[in-house]
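Asks: Structure supplied as query26.txt; contents: compact mmCIF, C-alpha atoms.
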```
# COMPACT_ATOMS: atom_id res chain seq x y z
CA ASP A 1 334.18 111.61 -113.46
CA ILE A 2 334.02 114.95 -115.24
CA GLN A 3 333.26 117.84 -112.91
CA MET A 4 331.32 120.82 -114.21
CA THR A 5 332.05 123.90 -112.11
CA GLN A 6 329.33 126.45 -112.71
CA SER A 7 329.46 130.11 -111.69
CA PRO A 8 328.02 132.19 -110.29
CA SER A 9 325.59 130.23 -108.13
CA SER A 10 323.23 133.19 -108.17
CA MET A 11 323.06 136.61 -109.65
CA SER A 12 320.78 139.58 -109.92
CA ALA A 13 320.63 141.77 -112.99
CA SER A 14 318.49 144.53 -114.43
CA LEU A 15 316.26 144.34 -117.45
CA GLY A 16 318.32 144.98 -120.57
CA ASP A 17 321.59 143.89 -118.95
CA ARG A 18 324.01 141.50 -120.62
CA VAL A 19 324.35 138.39 -118.48
CA THR A 20 326.96 135.64 -118.68
CA ILE A 21 327.01 132.29 -116.86
CA THR A 22 330.01 129.99 -117.06
CA CYS A 23 330.78 126.30 -116.67
CA ARG A 24 334.30 124.95 -116.51
CA ALA A 25 334.90 121.32 -117.38
CA SER A 26 337.50 119.30 -115.49
CA GLN A 27 338.35 117.30 -118.61
CA ASP A 28 338.05 117.77 -122.34
CA ILE A 29 334.39 117.56 -123.34
CA GLY A 30 334.74 118.97 -126.82
CA ASN A 31 331.42 120.55 -127.73
CA TYR A 32 329.27 118.08 -125.79
CA LEU A 33 327.85 120.85 -123.64
CA SER A 34 324.24 121.86 -123.29
CA TRP A 35 322.52 124.63 -121.36
CA PHE A 36 319.09 124.28 -119.77
CA GLN A 37 316.64 126.77 -118.34
CA GLN A 38 314.34 125.72 -115.53
CA LYS A 39 311.51 127.88 -114.28
CA PRO A 40 309.70 127.14 -111.00
CA GLY A 41 307.52 124.07 -111.24
CA LYS A 42 308.56 123.37 -114.83
CA SER A 43 310.75 120.81 -116.56
CA PRO A 44 314.17 121.91 -117.80
CA ARG A 45 314.21 123.37 -121.30
CA ARG A 46 317.20 122.97 -123.57
CA MET A 47 318.48 126.37 -124.68
CA ILE A 48 321.87 125.61 -126.22
CA TYR A 49 323.42 122.38 -127.48
CA GLY A 50 326.82 121.56 -128.89
CA ALA A 51 328.19 124.49 -126.86
CA THR A 52 327.11 127.12 -129.40
CA ASN A 53 323.93 125.96 -131.16
CA LEU A 54 320.64 127.64 -130.33
CA ALA A 55 317.86 125.13 -129.74
CA ALA A 56 314.65 125.48 -131.74
CA GLY A 57 312.32 128.19 -130.51
CA VAL A 58 314.87 129.81 -128.19
CA PRO A 59 315.09 133.61 -128.49
CA SER A 60 318.14 134.92 -130.31
CA ARG A 61 319.23 136.95 -127.28
CA PHE A 62 320.59 133.65 -125.91
CA SER A 63 323.96 132.44 -127.14
CA GLY A 64 326.62 129.94 -126.18
CA SER A 65 330.37 130.10 -126.52
CA ARG A 66 333.49 128.15 -125.66
CA SER A 67 336.99 129.15 -124.70
CA GLY A 68 339.10 126.12 -123.98
CA SER A 69 337.46 124.30 -121.08
CA ASP A 70 335.22 127.27 -120.23
CA TYR A 71 331.71 127.32 -121.63
CA SER A 72 329.45 130.33 -121.37
CA LEU A 73 325.78 131.10 -121.74
CA THR A 74 325.10 134.74 -122.54
CA ILE A 75 321.83 136.64 -122.55
CA SER A 76 322.45 139.78 -124.58
CA SER A 77 319.57 141.83 -123.19
CA LEU A 78 317.84 140.46 -120.13
CA GLU A 79 314.06 140.18 -120.16
CA SER A 80 311.75 139.46 -117.23
CA GLU A 81 310.84 136.04 -118.61
CA ASP A 82 314.49 134.98 -118.33
CA MET A 83 314.24 134.69 -114.55
CA ALA A 84 315.06 131.03 -113.93
CA ILE A 85 317.75 128.60 -112.87
CA TYR A 86 320.25 127.67 -115.57
CA TYR A 87 322.22 124.43 -115.71
CA CYS A 88 324.99 123.16 -117.93
CA LEU A 89 325.38 119.49 -118.82
CA GLN A 90 328.27 117.52 -120.27
CA SER A 91 327.18 114.51 -122.30
CA ILE A 92 330.43 113.20 -123.72
CA GLN A 93 331.28 110.74 -120.96
CA TYR A 94 329.34 108.72 -118.43
CA PRO A 95 328.41 109.59 -115.80
CA PHE A 96 326.85 112.62 -117.40
CA THR A 97 327.22 115.59 -115.08
CA PHE A 98 325.31 118.81 -114.59
CA GLY A 99 326.62 122.05 -113.24
CA SER A 100 325.26 123.07 -109.86
CA GLY A 101 323.00 125.70 -111.33
CA THR A 102 322.81 129.50 -111.52
CA LYS A 103 319.76 131.23 -110.13
CA LEU A 104 319.12 134.35 -112.16
CA GLU A 105 316.99 137.02 -110.58
CA ILE A 106 315.76 140.31 -111.92
CA LYS A 107 316.63 143.44 -109.93
CA GLU B 108 304.76 116.75 -131.35
CA VAL B 109 307.23 114.96 -129.12
CA GLN B 110 305.71 113.98 -125.78
CA LEU B 111 307.14 112.14 -122.81
CA VAL B 112 304.75 111.27 -119.99
CA GLU B 113 306.05 109.77 -116.77
CA SER B 114 303.95 107.76 -114.34
CA GLY B 115 304.27 105.38 -111.43
CA GLY B 116 305.51 107.70 -108.72
CA GLY B 117 304.22 107.94 -105.20
CA LEU B 118 304.96 107.49 -101.52
CA VAL B 119 306.95 104.38 -100.63
CA GLN B 120 308.62 103.14 -97.47
CA PRO B 121 312.39 102.84 -97.22
CA GLY B 122 313.65 99.52 -98.54
CA ARG B 123 310.66 99.01 -100.81
CA SER B 124 310.46 99.09 -104.61
CA LEU B 125 308.77 101.21 -107.24
CA LYS B 126 308.68 101.15 -111.02
CA LEU B 127 308.45 104.30 -113.11
CA SER B 128 307.27 104.43 -116.69
CA CYS B 129 307.73 107.00 -119.43
CA LEU B 130 305.41 106.78 -122.42
CA ALA B 131 306.83 108.38 -125.55
CA SER B 132 304.94 109.68 -128.56
CA GLY B 133 305.49 111.93 -131.56
CA PHE B 134 308.77 110.35 -132.68
CA THR B 135 310.28 106.98 -133.54
CA PHE B 136 311.10 105.84 -130.02
CA SER B 137 313.32 102.95 -131.14
CA ASN B 138 315.75 105.39 -132.79
CA TYR B 139 316.74 107.27 -129.66
CA GLY B 140 318.67 106.75 -126.47
CA MET B 141 316.76 107.67 -123.35
CA ASN B 142 317.62 108.89 -119.89
CA TRP B 143 316.33 109.30 -116.38
CA ILE B 144 317.28 112.43 -114.47
CA ARG B 145 316.15 113.34 -110.98
CA GLN B 146 315.86 116.46 -108.87
CA ALA B 147 315.58 116.32 -105.11
CA PRO B 148 313.35 119.01 -103.57
CA GLY B 149 315.08 122.37 -103.82
CA LYS B 150 318.21 120.84 -105.35
CA GLY B 151 319.88 120.62 -108.74
CA LEU B 152 319.63 118.10 -111.53
CA GLU B 153 321.25 114.67 -111.22
CA TRP B 154 321.62 112.24 -114.10
CA VAL B 155 320.46 108.77 -113.02
CA ALA B 156 320.66 106.34 -115.93
CA SER B 157 320.85 106.01 -119.70
CA ILE B 158 319.87 103.32 -122.18
CA SER B 159 320.73 103.15 -125.87
CA SER B 160 318.11 102.77 -128.57
CA SER B 161 318.36 98.97 -128.74
CA SER B 162 319.17 98.49 -125.03
CA SER B 163 322.70 97.41 -125.93
CA TYR B 164 324.32 100.02 -123.73
CA ILE B 165 323.18 100.90 -120.22
CA TYR B 166 324.82 103.22 -117.72
CA TYR B 167 324.04 104.23 -114.15
CA ALA B 168 325.08 106.84 -111.65
CA ASP B 169 327.08 105.37 -108.78
CA THR B 170 324.36 106.52 -106.38
CA VAL B 171 321.84 104.09 -107.87
CA LYS B 172 324.00 101.33 -109.37
CA GLY B 173 322.90 97.91 -108.15
CA ARG B 174 319.53 99.23 -106.95
CA PHE B 175 317.94 100.77 -110.05
CA THR B 176 317.38 99.14 -113.44
CA ILE B 177 316.63 101.06 -116.61
CA SER B 178 314.88 99.25 -119.43
CA ARG B 179 312.70 99.93 -122.44
CA ASP B 180 310.06 98.28 -124.58
CA ASN B 181 310.31 99.70 -128.08
CA ALA B 182 307.10 97.96 -129.14
CA LYS B 183 305.25 99.88 -126.44
CA ASN B 184 307.21 103.14 -126.81
CA THR B 185 307.92 103.00 -123.11
CA LEU B 186 310.95 103.59 -120.92
CA TYR B 187 311.12 102.16 -117.41
CA LEU B 188 313.03 102.64 -114.19
CA GLN B 189 312.77 99.84 -111.67
CA MET B 190 313.85 101.16 -108.28
CA THR B 191 314.60 98.79 -105.41
CA SER B 192 316.00 99.19 -101.90
CA LEU B 193 314.77 102.76 -101.91
CA ARG B 194 316.30 105.25 -99.50
CA SER B 195 315.17 108.61 -98.24
CA GLU B 196 317.81 110.23 -100.43
CA ASP B 197 316.06 108.85 -103.52
CA THR B 198 313.18 111.25 -102.83
CA ALA B 199 313.02 113.40 -105.94
CA LEU B 200 311.15 114.44 -109.03
CA TYR B 201 312.14 111.95 -111.74
CA TYR B 202 312.26 113.09 -115.35
CA CYS B 203 312.70 111.04 -118.47
CA ALA B 204 314.49 112.75 -121.33
CA ARG B 205 315.25 111.90 -124.93
CA HIS B 206 318.87 111.89 -125.99
CA GLY B 207 319.33 113.63 -129.30
CA PRO B 208 322.11 112.38 -131.57
CA LEU B 209 325.75 113.31 -131.03
CA ILE B 210 326.14 116.75 -129.45
CA ARG B 211 322.44 117.43 -129.11
CA GLY B 212 322.14 116.29 -125.50
CA PHE B 213 318.75 115.95 -123.81
CA ASP B 214 316.41 117.56 -126.28
CA TYR B 215 312.99 116.70 -124.85
CA TRP B 216 311.93 116.18 -121.24
CA GLY B 217 308.82 114.85 -119.59
CA GLN B 218 306.91 116.73 -116.91
CA GLY B 219 308.38 114.58 -114.15
CA VAL B 220 306.95 112.20 -111.58
CA MET B 221 307.45 112.55 -107.83
CA VAL B 222 308.89 109.74 -105.73
CA THR B 223 308.82 110.16 -101.97
CA VAL B 224 310.62 107.63 -99.78
CA SER B 225 309.45 107.90 -96.21
CA SER B 226 308.16 105.76 -93.38
```
Kindly present the structure from the file in structure tokens form.

Replies:
Amino acid sequence: DIQMTQSPSSMSASLGDRVTITCRASQDIGNYLSWFQQKPGKSPRRMIYGATNLAAGVPSRFSGSRSGSDYSLTISSLESEDMAIYYCLQSIQYPFTFGSGTKLEIK
Amino acid sequence: EVQLVESGGGLVQPGRSLKLSCLASGFTFSNYGMNWIRQAPGKGLEWVASISSSSSYIYYADTVKGRFTISRDNAKNTLYLQMTSLRSEDTALYYCARHGPLIRGFDYWGQGVMVTVSS
């Protein structure tokens, strides 16, 4: 199975900060990597797909990148509404696997 | 507007069965693979099962293989998850999600349905 190692597990940042969350894949997943945002009591929302593609309706301050087996989600300027848990997902090989999640809090 | 609405959850005793449904609307259901994902209380997301558009390909997580069955009825625009031999560790919020083509991953999710396994 492909392991997705996500870091950090939690973080606190100030409004306007640049924030980066990373997932490392244990095997080659190409660009079959998505990022999801989950707010309390809500369903996950896809933010990024194909490692670097912004999903429809997602603010442009969100971006995705890839460096080898490391995939990153970056928020260029943190806003209060970005407080949530973020998950990565690899969907190239079954069983599909999620990262363990990053809880993002606002200082 | 794409909508996925899950139903069928509830409280069930260990060892019993339950069948979840996910009614899809706003898109051509028969063109898309579908998935079930679950989230135990306070925990992360866990992929459970996938089914291709024509039901030709079906996959399960090891944690549910042999106990859960994913199926679909394209005429009724409905996805199902038959759960048998339920265990306390199956307690979770169950989401259905549409699988977009190729690299698009899970592009739409339902609101989730709660399954509680307890005596």

Asks: Find the residues of chain B that sit at most 7 Å from chain A; for each, write down the nearest two atoms and how far apart they are in Å, to one decimal. Count only C-alpha atoms. Sort by chain, then by number going up, and give it as CSV.

Replies:
```
residue,atom,partner,partner_atom,distance
B:Gly151,CA,A:Ser100,CA,6.0
B:Leu152,CA,A:Phe98,CA,6.5
B:Glu153,CA,A:Phe98,CA,6.7
B:Trp154,CA,A:Phe96,CA,6.2
B:Ala168,CA,A:Pro95,CA,6.0
B:Ile210,CA,A:Gly50,CA,4.9
B:Arg211,CA,A:Tyr49,CA,5.3
B:Gly212,CA,A:Ser91,CA,6.2
B:Asp214,CA,A:Arg46,CA,6.1
B:Trp216,CA,A:Ser43,CA,6.7
B:Gly217,CA,A:Ser43,CA,7.0
B:Gln218,CA,A:Ser43,CA,5.6
```

Asks: Could you name the residues that touch Asn181 of chain B at 10 Å or less, counting all atoms listed in the file, but leaving out those on the same chain fewer than 3 positions away, as a list in words?

Replies: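 The residues that qualify are Ala131, Thr135, Phe136, Ser137, Asn138, Ser160, Ser161, Ser162, Ser178, Asn184, Thr185 and Leu186 of chain B.
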
Asks: Work out how far apart atom CA of Ser12 of chain A and atom CA of Gln146 of chain B are and give it in Å to one decimal.

Replies: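 For atom CA of Ser12 of chain A relative to atom CA of Gln146 of chain B, the distance reads 23.7 Å.
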
Asks: Could you check how far atom CA of Thr20 of chain A sits from atom CA of Leu104 of chain A, in Å to one decimal?

Replies: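 Going from atom CA of Thr20 of chain A over to atom CA of Leu104 of chain A, I get 10.3 Å.
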
Asks: For a test of reading the model, state the distance in Å between atom CA of Gln110 of chain B and atom CA of Tyr215 of chain B, rounded to one decimal.

Replies: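 Straight-line distance from atom CA of Gln110 of chain B to atom CA of Tyr215 of chain B works out to 7.8 Å.
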